[in-house]
$ cat structure-v7.cif   # mmCIF, C-alpha atoms
data_entry
loop_
_atom_site.label_atom_id
_atom_site.label_comp_id
_atom_site.auth_asym_id
_atom_site.auth_seq_id
_atom_site.Cartn_x
_atom_site.Cartn_y
_atom_site.Cartn_z
CA MET W 1 -71.19 52.90 -218.89
CA ASN W 2 -70.68 53.33 -222.63
CA PRO W 3 -67.42 54.25 -224.43
CA GLU W 4 -68.43 57.88 -224.89
CA GLU W 5 -69.13 58.31 -221.17
CA ILE W 6 -65.80 56.68 -220.32
CA SER W 7 -64.00 58.99 -222.76
CA GLN W 8 -65.60 62.03 -221.12
CA ILE W 9 -64.63 60.81 -217.66
CA ASN W 10 -61.02 60.27 -218.74
CA ALA W 11 -60.90 63.79 -220.17
CA ARG W 12 -62.20 65.15 -216.86
CA PHE W 13 -59.73 63.10 -214.85
CA LEU W 14 -56.74 64.67 -216.61
CA SER W 15 -57.03 67.48 -214.04
CA ALA W 16 -58.27 65.39 -211.10
CA SER W 17 -56.15 64.20 -208.21
CA PRO W 18 -55.73 60.46 -207.52
CA ALA W 19 -57.67 60.95 -204.27
CA GLU W 20 -60.60 62.43 -206.21
CA ILE W 21 -60.47 59.57 -208.70
CA VAL W 22 -60.48 56.96 -205.93
CA GLN W 23 -63.42 58.66 -204.22
CA TRP W 24 -65.30 58.54 -207.51
CA ALA W 25 -64.38 54.88 -208.03
CA VAL W 26 -65.52 53.89 -204.55
CA SER W 27 -68.84 55.67 -205.07
CA GLN W 28 -69.31 53.88 -208.40
CA GLY W 29 -68.63 50.57 -206.70
CA ALA W 30 -71.30 51.18 -204.06
CA GLY W 31 -69.64 48.76 -201.66
CA ARG W 32 -68.49 46.37 -204.38
CA GLY W 33 -65.06 47.78 -205.11
CA VAL W 34 -61.75 45.96 -204.88
CA VAL W 35 -58.11 47.04 -205.18
CA SER W 36 -55.52 44.61 -206.51
CA THR W 37 -51.88 44.63 -205.46
CA ASN W 38 -48.65 42.66 -205.74
CA PHE W 39 -46.79 44.81 -203.16
CA ARG W 40 -44.28 45.97 -205.75
CA PRO W 41 -42.57 49.39 -205.44
CA TYR W 42 -45.00 52.28 -204.92
CA GLU W 43 -48.02 50.03 -204.28
CA ALA W 44 -48.36 51.66 -200.86
CA VAL W 45 -49.58 54.81 -202.62
CA VAL W 46 -52.68 53.21 -204.12
CA LEU W 47 -53.36 51.11 -201.02
CA HIS W 48 -53.24 54.23 -198.84
CA LEU W 49 -55.50 56.16 -201.25
CA CYS W 50 -58.04 53.34 -201.25
CA THR W 51 -58.13 52.78 -197.51
CA GLN W 52 -58.55 56.52 -196.95
CA ALA W 53 -61.67 56.38 -199.12
CA GLN W 54 -62.95 53.00 -197.91
CA PRO W 55 -61.06 51.47 -194.95
CA ASP W 56 -62.49 47.99 -195.45
CA ILE W 57 -61.99 47.75 -199.21
CA PRO W 58 -60.98 44.19 -200.17
CA VAL W 59 -57.35 43.88 -201.30
CA LEU W 60 -56.90 41.13 -203.89
CA TRP W 61 -53.39 39.68 -203.72
CA VAL W 62 -52.14 36.74 -205.77
CA ASP W 63 -49.35 35.22 -203.70
CA HIS W 64 -47.68 33.01 -206.30
CA GLY W 65 -45.13 31.76 -203.78
CA TYR W 66 -42.05 33.27 -205.45
CA ASN W 67 -41.97 36.59 -203.62
CA ARG W 68 -38.74 37.51 -201.93
CA PRO W 69 -38.65 37.75 -198.10
CA ALA W 70 -38.57 41.57 -198.22
CA THR W 71 -41.82 41.63 -200.20
CA TYR W 72 -43.60 39.41 -197.68
CA ARG W 73 -42.34 41.63 -194.83
CA HIS W 74 -43.48 44.72 -196.75
CA ALA W 75 -46.95 43.21 -197.21
CA GLU W 76 -47.25 42.52 -193.49
CA ASP W 77 -46.01 46.02 -192.63
CA LEU W 78 -48.62 47.63 -194.87
CA ARG W 79 -51.34 45.31 -193.60
CA ARG W 80 -50.69 46.53 -190.06
CA ARG W 81 -50.19 50.21 -190.94
CA LEU W 82 -53.23 50.55 -193.16
CA GLY W 83 -55.47 47.87 -191.67
CA LEU W 84 -55.62 46.11 -195.04
CA ASP W 85 -58.35 43.55 -195.62
CA ILE W 86 -56.13 41.28 -197.71
CA LYS W 87 -57.83 38.56 -199.73
CA PRO W 88 -54.99 36.22 -200.76
CA PHE W 89 -55.43 33.85 -203.69
CA LEU W 90 -52.84 31.15 -204.27
CA PRO W 91 -52.12 28.96 -207.29
CA ARG W 92 -53.51 25.43 -207.22
CA MET W 93 -49.88 24.26 -207.49
CA THR W 94 -47.24 25.33 -204.96
CA ALA W 95 -43.98 26.91 -206.09
CA ALA W 96 -42.03 23.86 -204.91
CA HIS W 97 -44.35 21.51 -206.81
CA ARG W 98 -44.11 23.57 -210.02
CA ASP W 99 -40.32 23.73 -209.85
CA ALA W 100 -40.05 19.98 -209.28
CA ILE W 101 -42.24 19.19 -212.30
CA HIS W 102 -41.36 21.96 -214.72
CA GLY W 103 -37.90 23.11 -213.60
CA PRO W 104 -36.63 26.66 -213.01
CA ILE W 105 -38.68 29.76 -213.80
CA PRO W 106 -38.37 30.52 -217.53
CA ASP W 107 -36.46 33.63 -218.61
CA THR W 108 -37.10 36.08 -221.44
CA SER W 109 -35.58 33.70 -223.98
CA ASP W 110 -38.59 31.40 -223.50
CA GLU W 111 -41.68 33.50 -224.17
CA GLU W 112 -44.08 30.57 -224.34
CA GLY W 113 -42.66 29.13 -221.14
CA LEU W 114 -43.14 32.46 -219.38
CA LYS W 115 -46.73 32.69 -220.56
CA LYS W 116 -47.45 29.19 -219.29
CA PHE W 117 -45.80 30.00 -215.96
CA SER W 118 -47.87 33.18 -215.64
CA ALA W 119 -51.11 31.39 -216.53
CA ILE W 120 -50.65 28.72 -213.85
CA MET W 121 -49.07 30.73 -211.04
CA LYS W 122 -50.63 34.17 -211.47
CA LEU W 123 -53.46 34.52 -213.96
CA GLU W 124 -55.59 31.55 -212.88
CA PRO W 125 -55.61 32.52 -209.17
CA PHE W 126 -56.31 36.14 -210.10
CA GLN W 127 -59.28 35.16 -212.23
CA ARG W 128 -60.53 32.92 -209.41
CA GLY W 129 -60.23 35.87 -207.02
CA MET W 130 -62.15 38.18 -209.33
CA ARG W 131 -64.92 35.59 -209.72
CA GLU W 132 -65.25 35.16 -205.96
CA LEU W 133 -65.09 38.85 -205.07
CA ALA W 134 -67.17 39.88 -208.14
CA PRO W 135 -66.30 43.61 -207.94
CA ALA W 136 -68.28 46.30 -209.74
CA VAL W 137 -65.12 48.43 -209.69
CA TRP W 138 -61.52 47.21 -209.87
CA ILE W 139 -58.86 49.72 -208.74
CA THR W 140 -55.31 49.15 -209.96
CA ALA W 141 -51.88 50.78 -209.62
CA LEU W 142 -51.25 50.85 -213.38
CA ARG W 143 -49.18 53.80 -214.63
CA LYS W 144 -48.42 54.79 -218.20
CA VAL W 145 -44.68 55.12 -217.49
CA GLN W 146 -44.34 51.45 -216.52
CA ASN W 147 -44.08 49.94 -220.00
CA PRO W 148 -45.11 50.61 -223.62
CA ASN W 149 -48.27 48.49 -223.40
CA ARG W 150 -49.61 50.48 -220.46
CA ALA W 151 -48.89 53.81 -222.12
CA GLY W 152 -51.81 53.07 -224.46
CA LEU W 153 -54.31 52.56 -221.63
CA ASP W 154 -56.17 55.20 -219.58
CA VAL W 155 -57.46 55.99 -216.09
CA VAL W 156 -60.90 54.44 -216.62
CA SER W 157 -61.86 51.56 -218.89
CA TYR W 158 -64.38 48.75 -218.91
CA ASP W 159 -62.90 45.28 -218.56
CA THR W 160 -65.15 42.96 -220.54
CA HIS W 161 -63.39 39.84 -219.26
CA PHE W 162 -64.23 40.56 -215.63
CA ASN W 163 -67.33 42.67 -216.37
CA THR W 164 -66.10 45.45 -214.18
CA LEU W 165 -65.10 49.10 -214.35
CA LYS W 166 -61.30 49.30 -214.15
CA VAL W 167 -59.84 52.44 -212.56
CA SER W 168 -56.15 53.39 -212.34
CA PRO W 169 -56.02 56.56 -210.21
CA VAL W 170 -52.24 57.13 -210.46
CA PHE W 171 -52.09 56.41 -214.19
CA HIS W 172 -50.61 59.82 -215.03
CA TRP W 173 -48.20 60.00 -212.09
CA SER W 174 -44.41 59.81 -212.44
CA ASP W 175 -42.00 58.10 -210.03
CA ILE W 176 -41.30 61.56 -208.58
CA ASP W 177 -45.01 62.02 -207.84
CA MET W 178 -45.16 58.62 -206.18
CA GLU W 179 -42.05 59.30 -204.09
CA ALA W 180 -43.54 62.61 -202.93
CA TYR W 181 -46.75 60.90 -201.82
CA LEU W 182 -44.84 58.24 -199.89
CA GLY W 183 -42.82 60.93 -198.15
CA LYS W 184 -45.85 63.08 -197.32
CA HIS W 185 -47.66 60.17 -195.68
CA ASN W 186 -44.60 58.46 -194.19
CA LEU W 187 -45.21 55.27 -196.14
CA PRO W 188 -42.61 52.55 -196.78
CA ASN W 189 -41.45 51.33 -200.17
CA GLU W 190 -40.02 47.97 -201.26
CA TRP W 191 -37.28 47.71 -203.87
CA ASP W 192 -36.42 44.00 -203.67
CA TYR W 193 -39.59 43.02 -205.53
CA PHE W 194 -39.37 40.65 -208.50
CA ASP W 195 -42.24 39.36 -210.63
CA PRO W 196 -41.26 35.95 -212.08
CA ALA W 197 -44.26 36.08 -214.42
CA LYS W 198 -42.71 39.09 -216.16
CA ALA W 199 -38.98 38.39 -215.90
CA ASP W 200 -38.49 41.90 -217.32
CA GLU W 201 -40.27 45.14 -216.38
CA LYS W 202 -41.03 45.91 -220.02
CA ARG W 203 -43.02 42.68 -220.44
CA GLU W 204 -46.63 42.09 -219.42
CA CYS W 205 -47.53 39.14 -217.23
CA GLY W 206 -50.85 38.86 -219.08
CA LEU W 207 -53.09 40.34 -216.41
CA HIS W 208 -53.60 43.54 -218.39
CA ALA W 209 -53.12 42.03 -221.85
CA ALA W 210 -55.55 40.18 -224.12
CA TRP W 211 -53.45 37.00 -224.38
CA GLY W 212 -53.68 36.46 -220.61
CA ARG W 213 -57.40 35.75 -220.67
CA LYS W 214 -57.06 32.76 -222.98
CA ALA W 215 -53.95 31.49 -221.19
CA ALA W 216 -55.61 31.58 -217.77
CA GLY W 217 -58.61 29.68 -219.07
CA GLU W 218 -56.34 26.90 -220.30
CA ALA W 219 -54.29 26.73 -217.08
#
$ encode --input "structure-v7.cif" --output "structure tokens"
Amino acid sequence: MNPEEISQINARFLSASPAEIVQWAVSQGAGRGVVSTNFRPYEAVVLHLCTQAQPDIPVLWVDHGYNRPATYRHAEDLRRRLGLDIKPFLPRMTAAHRDAIHGPIPDTSDEEGLKKFSAIMKLEPFQRGMRELAPAVWITALRKVQNPNRAGLDVVSYDTHFNTLKVSPVFHWSDIDMEAYLGKHNLPNEWDYFDPAKADEKRECGLHAAWGRKAAGEA
């Protein structure tokens, strides 16, 4: 799919519902689609949309080992409710091992330390998961309101690193839209989530940023 075709699709999707976008994505994948998740707030929306379109869609989850108990319970709850086919990928180093060797998780005052942490504990296992699952279509929960970097993205793009079509069906939705969907479908949310690879919601962990590709390769 060339850039002009993608641009036309994004223009068309300005008036499409997330459900319509997911149906399109699943059809493009032809059985080789995947949805990624970290079980952060509102992830239940995209997981519900995807399982309505394809009940057995693989769910790629990088469990870096630093999730809070509420997030693990939320993941299990959604797995049971939606019948999720979760494909967990773990870092080659456990959280306890990393902490013993490298010390506490870096904070926002140590940008290079955060990038190294992300590369080892999140980016490398994600890349390994994408290699093993080899999806033709990758569905994400990215939204433009999440941070400045994501505001410059779009619903559909081609990810050259993973050689896959990347689709973000709720890209244009606000928190109010997401809340309404959760309420309509009686889905739970999880507010105790924390991503140690970001340390701040306005940062990128590298998964959707160019620097992450190089960092993961060096991990």
$ residues_near_point --input "structure-v7.cif" --point "(-56.5, 52.9, -202.4)" --cutoff "9 Å" --atoms "all atoms listed in the file" --output "number ranges by chain"
W: 19, 22, 35, 44-55, 57, 139-141, 169
$ resolve_selection --input "structure-v7.cif" --expression "the PyMOL selection byres ((chain W and resi 158-160) around 10)" --output "PyMOL selection string"
chain W and resi 1-3+6+137-138+156-157+161-167+208
$ write_last_selection --input "structure-v7.cif" --atoms "C-alpha atoms" --output "CSV table (one decimal), in the coordinates of the input"
chain,number,residue,atom,x,y,z
W,1,MET,CA,-71.2,52.9,-218.9
W,2,ASN,CA,-70.7,53.3,-222.6
W,3,PRO,CA,-67.4,54.2,-224.4
W,6,ILE,CA,-65.8,56.7,-220.3
W,137,VAL,CA,-65.1,48.4,-209.7
W,138,TRP,CA,-61.5,47.2,-209.9
W,156,VAL,CA,-60.9,54.4,-216.6
W,157,SER,CA,-61.9,51.6,-218.9
W,161,HIS,CA,-63.4,39.8,-219.3
W,162,PHE,CA,-64.2,40.6,-215.6
W,163,ASN,CA,-67.3,42.7,-216.4
W,164,THR,CA,-66.1,45.4,-214.2
W,165,LEU,CA,-65.1,49.1,-214.4
W,166,LYS,CA,-61.3,49.3,-214.2
W,167,VAL,CA,-59.8,52.4,-212.6
W,208,HIS,CA,-53.6,43.5,-218.4
$ residues_around --input "structure-v7.cif" --residues "W:Leu14" --least-positions-apart "3" --cutoff "8 Å" --atoms "all atoms listed in the file" --output "JSON, numbers by chain"
{"W": [10, 11, 172]}
$ atom_distance --input "structure-v7.cif" --atom1 "atom CA of W:Pro196" --atom2 "atom CA of W:Val62"
12.6 Å
$ resolve_selection --input "structure-v7.cif" --expression "the PyMOL selection byres ((chain W and resi 171) around 6)" --output "short mmCIF file (atom, residue, chain, number, x, y, z; two decimals) with C-alpha atoms, in the coordinates of the input"
data_model
loop_
_atom_site.label_atom_id
_atom_site.label_comp_id
_atom_site.auth_asym_id
_atom_site.auth_seq_id
_atom_site.Cartn_x
_atom_site.Cartn_y
_atom_site.Cartn_z
CA LEU W 142 -51.25 50.85 -213.38
CA ARG W 143 -49.18 53.80 -214.63
CA LYS W 144 -48.42 54.79 -218.20
CA VAL W 155 -57.46 55.99 -216.09
CA SER W 168 -56.15 53.39 -212.34
CA PRO W 169 -56.02 56.56 -210.21
CA VAL W 170 -52.24 57.13 -210.46
CA HIS W 172 -50.61 59.82 -215.03
CA TRP W 173 -48.20 60.00 -212.09
#
$ atom_distance --input "structure-v7.cif" --atom1 "atom CA of W:Pro125" --atom2 "atom CA of W:Arg73"
21.6 Å
$ closest_residue --input "structure-v7.cif" --among "W:Ser7, W:Gln23, W:Leu114, W:Gly33" --to "W:Leu153" --atoms "all atoms listed in the file"
W:Ser7
$ closest_residue --input "structure-v7.cif" --among "W:Ala95, W:Leu82, W:Val145, W:Ala70" --to "W:Phe194" --atoms "all atoms listed in the file"
W:Ala70
